[in-house]
Structures are given as C-alpha cells and as structure tokens.
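Worksheet: the structure to be examined is printed underneath.
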Amino acid sequence: MLTSVTLRLDTWCQVAQFPNSLYRASRRVAAVFFIVAACLVSLAATDRADAFTSRAKAAILIDADTGAVLYQSNADELLPPASITKLMTAELVFQAIKDGRLKLTDEFTMSVHAWRTGGAPSRTSAMFVPVNTTATVDDLLQGMIVQSGNDAAIAIAEGMSGTEEAFAKRMTVEARRIGLTKSVFKNPTGLYDPEHLMTAREIAMLSLYIIKEHPQFYKLFSEKEFQYRRFKFRNRNPLLFENIGVDGLKTGSLSIVGHNLAASAVQNGKRLIAVVIGLSSSKEAAAEARKLLEWGFRSFASFKLFDAGETVGMARVWGGEQFYVPLTGDGPVMVILPRVPANPKLKAEITYDGPLKPPIKKGDQVATLRIVSETNAVNEVPLYAGQDVEPGGLVRRGLDALAHLALSWVAL
C-alpha cells in the first residue's frame, strides 16, 4: 500500500517531493523514505563542514542534547577500553548513592588483593592506599577518577560486591539496563582481559548517561588535582588544562590497543562528547580528541525542522477508525546538521513497527525520524501520535485484514 508524503521544512529554501511510503509486510516494518535537496538561507558559504578523518582505530562524536552522531569510524568495533572502564565502575557507585544504598562517607578496606593487583606492587596507576587500611567512598572515587587508581577501583568493587568478579557481573548487567548492548566487563579497572571489551559508541553513550543522570557527580571528572595523604595527584586528562571547554571524562591505555580518551566539552552552550580509541601515545590521543571536538563545534549547528505539534508524517493504522495517524515531535523537531553553503543532500526515513494497531493514544511514541546528512551525521528523533485512534468497526477491520493478507502475499 502506497501513500504520498510531503515534508515541509521552514528553514530550507527548496524542498524535494518525497517518494511514497513503503509497507514491508514480511518484516512488519513500515517506513517512509525521502531525499531533501535544499539550501540553508541562514548560513554563510564560508561555514562549509569540511570532512574529518580520524587516525584512531575507532572514534565517535555525538551531540549531547540530541544524541546526534556527528562523526563515526569503526564505532561499533569491540576493543579493550582500558581505564575508561572506570566510567562504568563510577556509574555503579553513583547509582548506589542515588538509591540510598551507599554514602560518600562509607569506608572500604584496601585488601591485600586490591593492593597487590592495583596498588604500589602492581606498577600500574594507583592511589596508594596502604594495605589493610580504610578509605572513604568519596576519596576512593576521586582517586579512581583523577589518578585512575586501580587499587581504588578494586577496593570499591570488593566493598560493594565482595569480589571483582561479582562486581564485574553487575557492571555488565547495569550496561544492559542503560542500553549498552555489546559491552562486557570482567573487572572494575580495565586491566587487560581478552573478554573485557567496549565500543566507542557505547563509551559515548555511557558518558552521556553519566552527564545526564548524575550531574551532581559528573563534576568529579573536571577536578584537576586530588590530595590524598602525602600525595597530590594531577588529573590524567590533559584536555582539562586546555582552554576548549573540556570538563571530563577519562583516559586509558593498554599496550594491546594503545591510548584511549573519552572527552566532553561545552562551547556556547552546546555540549559534545568525543571518544577516540587506539592512538600511539597519550599526547596523540589528546590531540585527536581535541581536533574532533573543535571540528564538531565549528562544523555543525542546530536547525528546527518542524514546529511543536506540526505533522512530520503519517503512519498506517490497521483496524482503526481511520487509516492513518499523524506523527509529531515532542515539541519542536530539532536536528544537528552540517553548516553547508547550498544544496545539501539529506536521506531520511520514518520507521515504526507495523502495522500499528488501535487503540493509540495521543502522545504515544510510535515512530522514529532518522536523518542522515552527506557527511554521515545521523539524527534520530522520536515521533509521537498526534491524536487518538480508536478501533474501527467490523467492516473496517475486515477490509484491513484482507489488505494485510494481500500485501503479505505480494511480499512473498
């Protein structure tokens, strides 16, 4: 079944007519595909979004407000995250405090295992808590985040779950809860284990989750120094000391993968998150992350495609009192697009599990608008039912059932 779809973009000076919607009965997915050819009248020609190429094994850049992916390279390849792992360790602590199961003033003991595996004898990054002594959760968090102390991370894991292994299982469970479908954790530190892996995309997703869900704790990632006993630790993230708006997150390195960095920065009220994995040195990782962030701030801008309540498209309803339900955004539909001088090509689609079946209530999320620019920037915007749709009568349901059967045969 085909319908004509027209998209109106008030900020664009030319809009193409879109091909018809396509219902694929065999996959139970309905989609609207369209190409937009336009010129952005509000932008100067000098603001062209130049192409970016990363030297990292994997990299991604996302807009924190919309989740739009502005750049990606091997972003879904599973690689050792090294000490960036400690973002997930910290997230479990933040969530436990938020739930009232833990307090910053609680104390954990530095066990012999934690001391030997992640402390001074390990010759890895350490907070140097003396063996068999206690430290507060507050101090351990700062030692883990600022100094990247492996001893601090293990002490937290043992204090919360008894063993590293038990805590690591909780890390993977928590990863699934917050939407990370690929990451697997085997320890709280990021010390090498062949099965301990993350993707650049999921590191960025975790970073964004911490920023949005734990803002009161995110400030720990911007601390430049931490004093513990006779030690003064300087944050290992070099971008915190450069005037580019970086206020987090974490570095990491392993000989098998190289140097990694997850960084977030704010300029002119816009926050971006960059992840780079697999550079030859910490200096190169910092330079690559900085270059990616600066390119993102320079090359992209926000645009309003639709006003609040304006219809973006129509979704087919089967067995309802009407054939289609209008789709709208939750407020204005905003996207992040390259600053281009003229005639950008955008590929977009509206997707939803189909056929939609009544009853449908106004405000139900039923579809997603996905827009991809010629630079492969990706925006995904949830779409909502613009009105109620109640079940239709017996005749309407019968006609839709026959049409559904006919399309199923065509799809075969």
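Going through the structure tokens in order, the chains are called A, B, and so on, while each chain numbers its residues from 1 and the ligands are numbered from 1 in the order shown.
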Query - Surrounding residues of Phe52 in chain A excluding itself and chain neighbours under 6 positions, 8 Å, only C-alpha atoms, as a PyMOL selection string - result: chain A and resi 71+292+295
Write the residues you've just listed into a file as a short mmCIF file (atom, residue, chain, number, x, y, z; two decimals), in the first residue's frame, and include N, CA and C atoms for each of them.
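Final file, result33.cif:
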```cif
data_model
loop_
_atom_site.label_atom_id
_atom_site.label_comp_id
_atom_site.auth_asym_id
_atom_site.auth_seq_id
_atom_site.Cartn_x
_atom_site.Cartn_y
_atom_site.Cartn_z
N TYR A 71 30.07 12.25 13.87
CA TYR A 71 31.17 11.55 13.19
C TYR A 71 31.30 10.17 13.80
N LEU A 292 38.83 16.55 17.00
CA LEU A 292 37.48 16.10 16.71
C LEU A 292 36.44 17.03 17.34
N TRP A 295 36.41 20.43 15.51
CA TRP A 295 35.75 20.27 14.21
C TRP A 295 34.24 20.23 14.38
#
```
**Report entry** Using only C-alpha atoms: which of A:Leu140, A:Leu272, A:Leu92, A:Glu242 has the shortest distance to Lys169 in chain A
**Finding:**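 Using only C-alpha atoms, the shortest distance to Lys169 in chain A belongs to A:Leu92.
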Query raised in the report: Tell me, which residues of range 50-261 of chain A carry DSSP strand (DSSP E or B), written as a PyMOL selection string?
Result: chain A and resi 58-63+69-73+79+107-109+134-136+184+197-198+225-228+231-234+246-254+258-261
Same residues, C-alpha atoms, output as a CSV table (one decimal), in the first residue's frame:
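Everything below was put into out_6.csv:
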```
chain,number,residue,atom,x,y,z
A,58,ALA,CA,37.7,3.8,16.4
A,59,ALA,CA,36.2,7.1,17.0
A,60,ILE,CA,32.8,8.8,17.5
A,61,LEU,CA,31.5,12.4,18.1
A,62,ILE,CA,28.0,13.0,19.4
A,63,ASP,CA,25.8,15.9,20.3
A,69,VAL,CA,26.1,11.2,15.8
A,70,LEU,CA,28.3,13.8,14.0
A,71,TYR,CA,31.2,11.6,13.2
A,72,GLN,CA,31.9,7.8,13.5
A,73,SER,CA,34.6,5.5,12.4
A,79,LEU,CA,38.0,-3.1,21.7
A,107,GLU,CA,34.5,3.3,54.2
A,108,PHE,CA,36.0,0.3,52.3
A,109,THR,CA,39.1,-1.6,53.2
A,134,THR,CA,40.2,2.0,55.0
A,135,ALA,CA,39.3,4.9,52.8
A,136,THR,CA,36.0,6.7,52.3
A,184,VAL,CA,31.2,-6.9,28.5
A,197,LEU,CA,35.5,-5.1,25.7
A,198,MET,CA,33.6,-1.9,24.8
A,225,GLU,CA,44.0,17.7,41.3
A,226,PHE,CA,43.3,15.5,44.2
A,227,GLN,CA,45.2,15.5,47.5
A,228,TYR,CA,45.3,12.2,49.4
A,231,PHE,CA,50.2,12.5,47.6
A,232,LYS,CA,49.0,15.2,45.2
A,233,PHE,CA,47.6,13.7,42.0
A,234,ARG,CA,47.1,15.6,38.8
A,246,VAL,CA,36.5,20.2,28.3
A,247,ASP,CA,35.2,19.2,31.7
A,248,GLY,CA,35.6,15.4,31.6
A,249,LEU,CA,35.8,12.4,31.2
A,250,LYS,CA,38.6,9.7,31.3
A,251,THR,CA,41.8,8.4,29.7
A,252,GLY,CA,43.0,4.8,29.3
A,253,SER,CA,45.9,2.9,27.8
A,254,LEU,CA,46.9,-0.7,27.2
A,258,GLY,CA,47.1,1.9,22.5
A,259,HIS,CA,45.8,5.1,24.1
A,260,ASN,CA,42.1,6.0,24.5
A,261,LEU,CA,40.3,9.1,25.6
```
What's around Tyr209 in chain A at 9 Å? Count only C-alpha atoms, leave out sequence neighbours fewer than 4 positions away in its own chain, and write the answer as a PDB file with C-alpha atoms, in the first residue's frame.
```
ATOM      1  CA  GLU A  91      28.339   4.829  37.453  1.00  0.00           C
ATOM      2  CA  ILE A 178      21.116   1.649  30.411  1.00  0.00           C
ATOM      3  CA  ALA A 204      29.970   7.763  24.352  1.00  0.00           C
ATOM      4  CA  MET A 205      26.529   6.520  25.415  1.00  0.00           C
ATOM      5  CA  GLU A 213      21.625  11.118  35.109  1.00  0.00           C
ATOM      6  CA  HIS A 214      24.329  12.000  37.654  1.00  0.00           C
TER       7      HIS A 214
END
```
Requested in this report: Just give me the gap between CA of Asp106 in chain A and CA of Gly159 in chain A in Å, one decimal is fine.
Outcome: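 CA of Gly159 in chain A lies at a distance of 9.7 Å from CA of Asp106 in chain A.
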Query raised in the report: Hey, what's within 6 Å of range 390-393 of chain A if we count only C-alpha atoms and toss same-chain stuff fewer than 3 positions away? As a list of chain:residue names, please?
Result: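 In the requested form, the answer reads A:Gly319, A:Gly320, A:Glu321, A:Pro358, A:Pro359, A:Arg396.
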Okay, now the selection with N, CA and C atoms, as an mmCIF file, in the first residue's frame?
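Result written to out.cif:
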```cif
data_model
loop_
_atom_site.group_PDB
_atom_site.id
_atom_site.type_symbol
_atom_site.label_atom_id
_atom_site.label_comp_id
_atom_site.auth_asym_id
_atom_site.auth_seq_id
_atom_site.Cartn_x
_atom_site.Cartn_y
_atom_site.Cartn_z
ATOM 1 N N GLY A 319 -7.093 -1.612 11.211
ATOM 2 C CA GLY A 319 -8.219 -1.927 12.075
ATOM 3 C C GLY A 319 -8.673 -0.779 12.932
ATOM 4 N N GLY A 320 -8.247 0.439 12.580
ATOM 5 C CA GLY A 320 -8.645 1.607 13.346
ATOM 6 C C GLY A 320 -9.797 2.342 12.697
ATOM 7 N N GLU A 321 -10.334 3.321 13.415
ATOM 8 C CA GLU A 321 -11.424 4.109 12.864
ATOM 9 C C GLU A 321 -10.940 5.040 11.758
ATOM 10 N N PRO A 358 -4.851 -0.151 16.889
ATOM 11 C CA PRO A 358 -5.515 0.646 17.924
ATOM 12 C C PRO A 358 -5.817 -0.211 19.156
ATOM 13 N N PRO A 359 -6.073 0.408 20.311
ATOM 14 C CA PRO A 359 -6.166 1.867 20.457
ATOM 15 C C PRO A 359 -4.791 2.527 20.542
ATOM 16 N N ARG A 396 -14.477 -2.169 8.760
ATOM 17 C CA ARG A 396 -13.140 -1.581 8.612
ATOM 18 C C ARG A 396 -12.073 -2.611 8.972
#
```
**Report entry** Residues within 8 Å of Lys186 in chain A, only C-alpha atoms, excluding chain neighbours under 4 positions, as a ChimeraX atom specification
**Finding:** /A:164-165,168-169,193,195-196
Export of prior selection with C-alpha atoms as an mmCIF file, in the first residue's frame:
```cif
data_model
loop_
_atom_site.group_PDB
_atom_site.id
_atom_site.type_symbol
_atom_site.label_atom_id
_atom_site.label_comp_id
_atom_site.auth_asym_id
_atom_site.auth_seq_id
_atom_site.Cartn_x
_atom_site.Cartn_y
_atom_site.Cartn_z
ATOM 1 C CA GLU A 164 35.994 -8.140 41.449
ATOM 2 C CA GLU A 165 34.246 -10.920 39.546
ATOM 3 C CA ALA A 168 32.079 -7.078 37.021
ATOM 4 C CA LYS A 169 28.904 -9.114 36.508
ATOM 5 C CA ASP A 193 41.283 -9.385 29.901
ATOM 6 C CA GLU A 195 36.812 -10.714 27.033
ATOM 7 C CA HIS A 196 36.687 -7.228 28.577
#
```
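When the distance limit is 10 Å and only C-alpha atoms are what count, the residues near Lys86 in chain A, minus those fewer than 6 positions from it on the same chain, are A:Leu92, A:Leu141, A:Met144, A:Ile145, A:Ser148, A:Gly149, A:Asn150, A:Ala153, A:Asn187, A:Pro188, A:Thr189, A:Gly190, A:Lys250, A:Thr251, A:Gly252.
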Output for the residues just chosen: C-alpha atoms as a compact mmCIF listing (two decimals), in the first residue's frame:
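Ended up saving to result.txt:
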```txt
# COMPACT_ATOMS: atom_id res chain seq x y z
CA LEU A 92 27.51 1.90 39.74
CA LEU A 141 36.04 7.88 43.81
CA MET A 144 39.86 6.40 40.76
CA ILE A 145 38.71 9.29 38.57
CA SER A 148 42.89 6.43 37.66
CA GLY A 149 43.83 4.35 40.70
CA ASN A 150 43.34 0.65 40.04
CA ALA A 153 38.57 0.69 41.74
CA ASN A 187 36.95 -6.26 36.14
CA PRO A 188 36.40 -2.75 37.53
CA THR A 189 39.78 -1.38 36.37
CA GLY A 190 40.19 -2.03 32.66
CA LYS A 250 38.56 9.70 31.25
CA THR A 251 41.77 8.41 29.70
CA GLY A 252 43.02 4.84 29.35
```
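Straight-line separation from CA of Ser281 in chain A to CA of Lys219 in chain A: 26.2 Å.
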Requested in this report: Skip range 364-381 of chain A itself and residues of its chain fewer than 2 positions away, then list as a PyMOL selection string all residues within 6 Å of it, counting only C-alpha atoms.
Outcome: chain A and resi 68-70+345-352+361-362+383-385
Requested in this report: Would you mind writing down, as a PyMOL selection string, each residue of range 203-393 of chain A that DSSP on the backbone assigns to helix (DSSP H, G or I)?
Outcome: chain A and resi 203-213+215-222+238-241+282-299
